[in-house]
Amino acid sequence: MKRTRTTLLVVLILWIGLPLPLAFAHAGLVSSTPKSGARLTALPTEVKLEFGENLLTLGDAQTNVMVVKDPDGVQIDRSDSSISGRFLSASLDPSDKGGTFTVDWRIVSEDGHPVEGSYQFSVESSPTVTAVVSPSPTLSSSSIASSIASSIASTQEIADGEEINFWKQYQSRILLGVLFLVAIIIWIRFKKHSKE
């Protein structure tokens, strides 16, 4: 009896701890072009997202949508989101604006679950070039400190954009594991009572 309990406990731990199979996973964002947190010199002509599984299409219904907004919150995609298997893309209107652009998306994977998310990338507007003659450059401690602070901030922004919620990813597996354990316990007790 003790060996059975130990075996059940090992099976349950392996069930919860092993990598999540695709059957229980929802279509998460795998990659994007441009990438989350990217710093570009010009606005791309298209934004393309790749997900972990094929996207659901229901005739002409817009089940999968992407909206790209400029730094002022104005939509700059052409509302032409297109789907090709695991890919969702939208073309962008040309713009000379610099700043942080936001990509919001909402998709429905083939398992029928809606998933949504958002990420940002930035475009540095090209300043006009002026010739300046200056003495040899010197680095001040404040300029070094501000450079380090901006690097830390951009790293944090990328981490926030790509954060994966552990509990959402494993909640179905934990629930199934608990149900499996309860079923085994009921079966053992039933078997024990049937022998008496």
# chains A, B, ... in the order shown; residues from 1 in each chain; ligands from 1
$ residues_around --residues "range 59-67 of chain A" --least-positions-apart "3" --cutoff "10 Å" --atoms "only C-alpha atoms" --output "MDAnalysis selection string"
chainID A and resid 47:49 55:56 74:83 88:90 92 102:109 114:118
$ closest_residue --among "A:Gly85, A:Gly52, A:Gly112, A:Gly99" --to "Pro71 in chain A" --atoms "only C-alpha atoms"
A:Gly99
$ atom_distance --atom1 "CA of Gly37 in chain A" --atom2 "CA of Asp70 in chain A"
14.5 Å
$ closest_residue --among "A:Ser194, A:Leu179, A:Trp187, A:Thr41" --to "Glu124 in chain A" --atoms "only C-alpha atoms"
A:Thr41
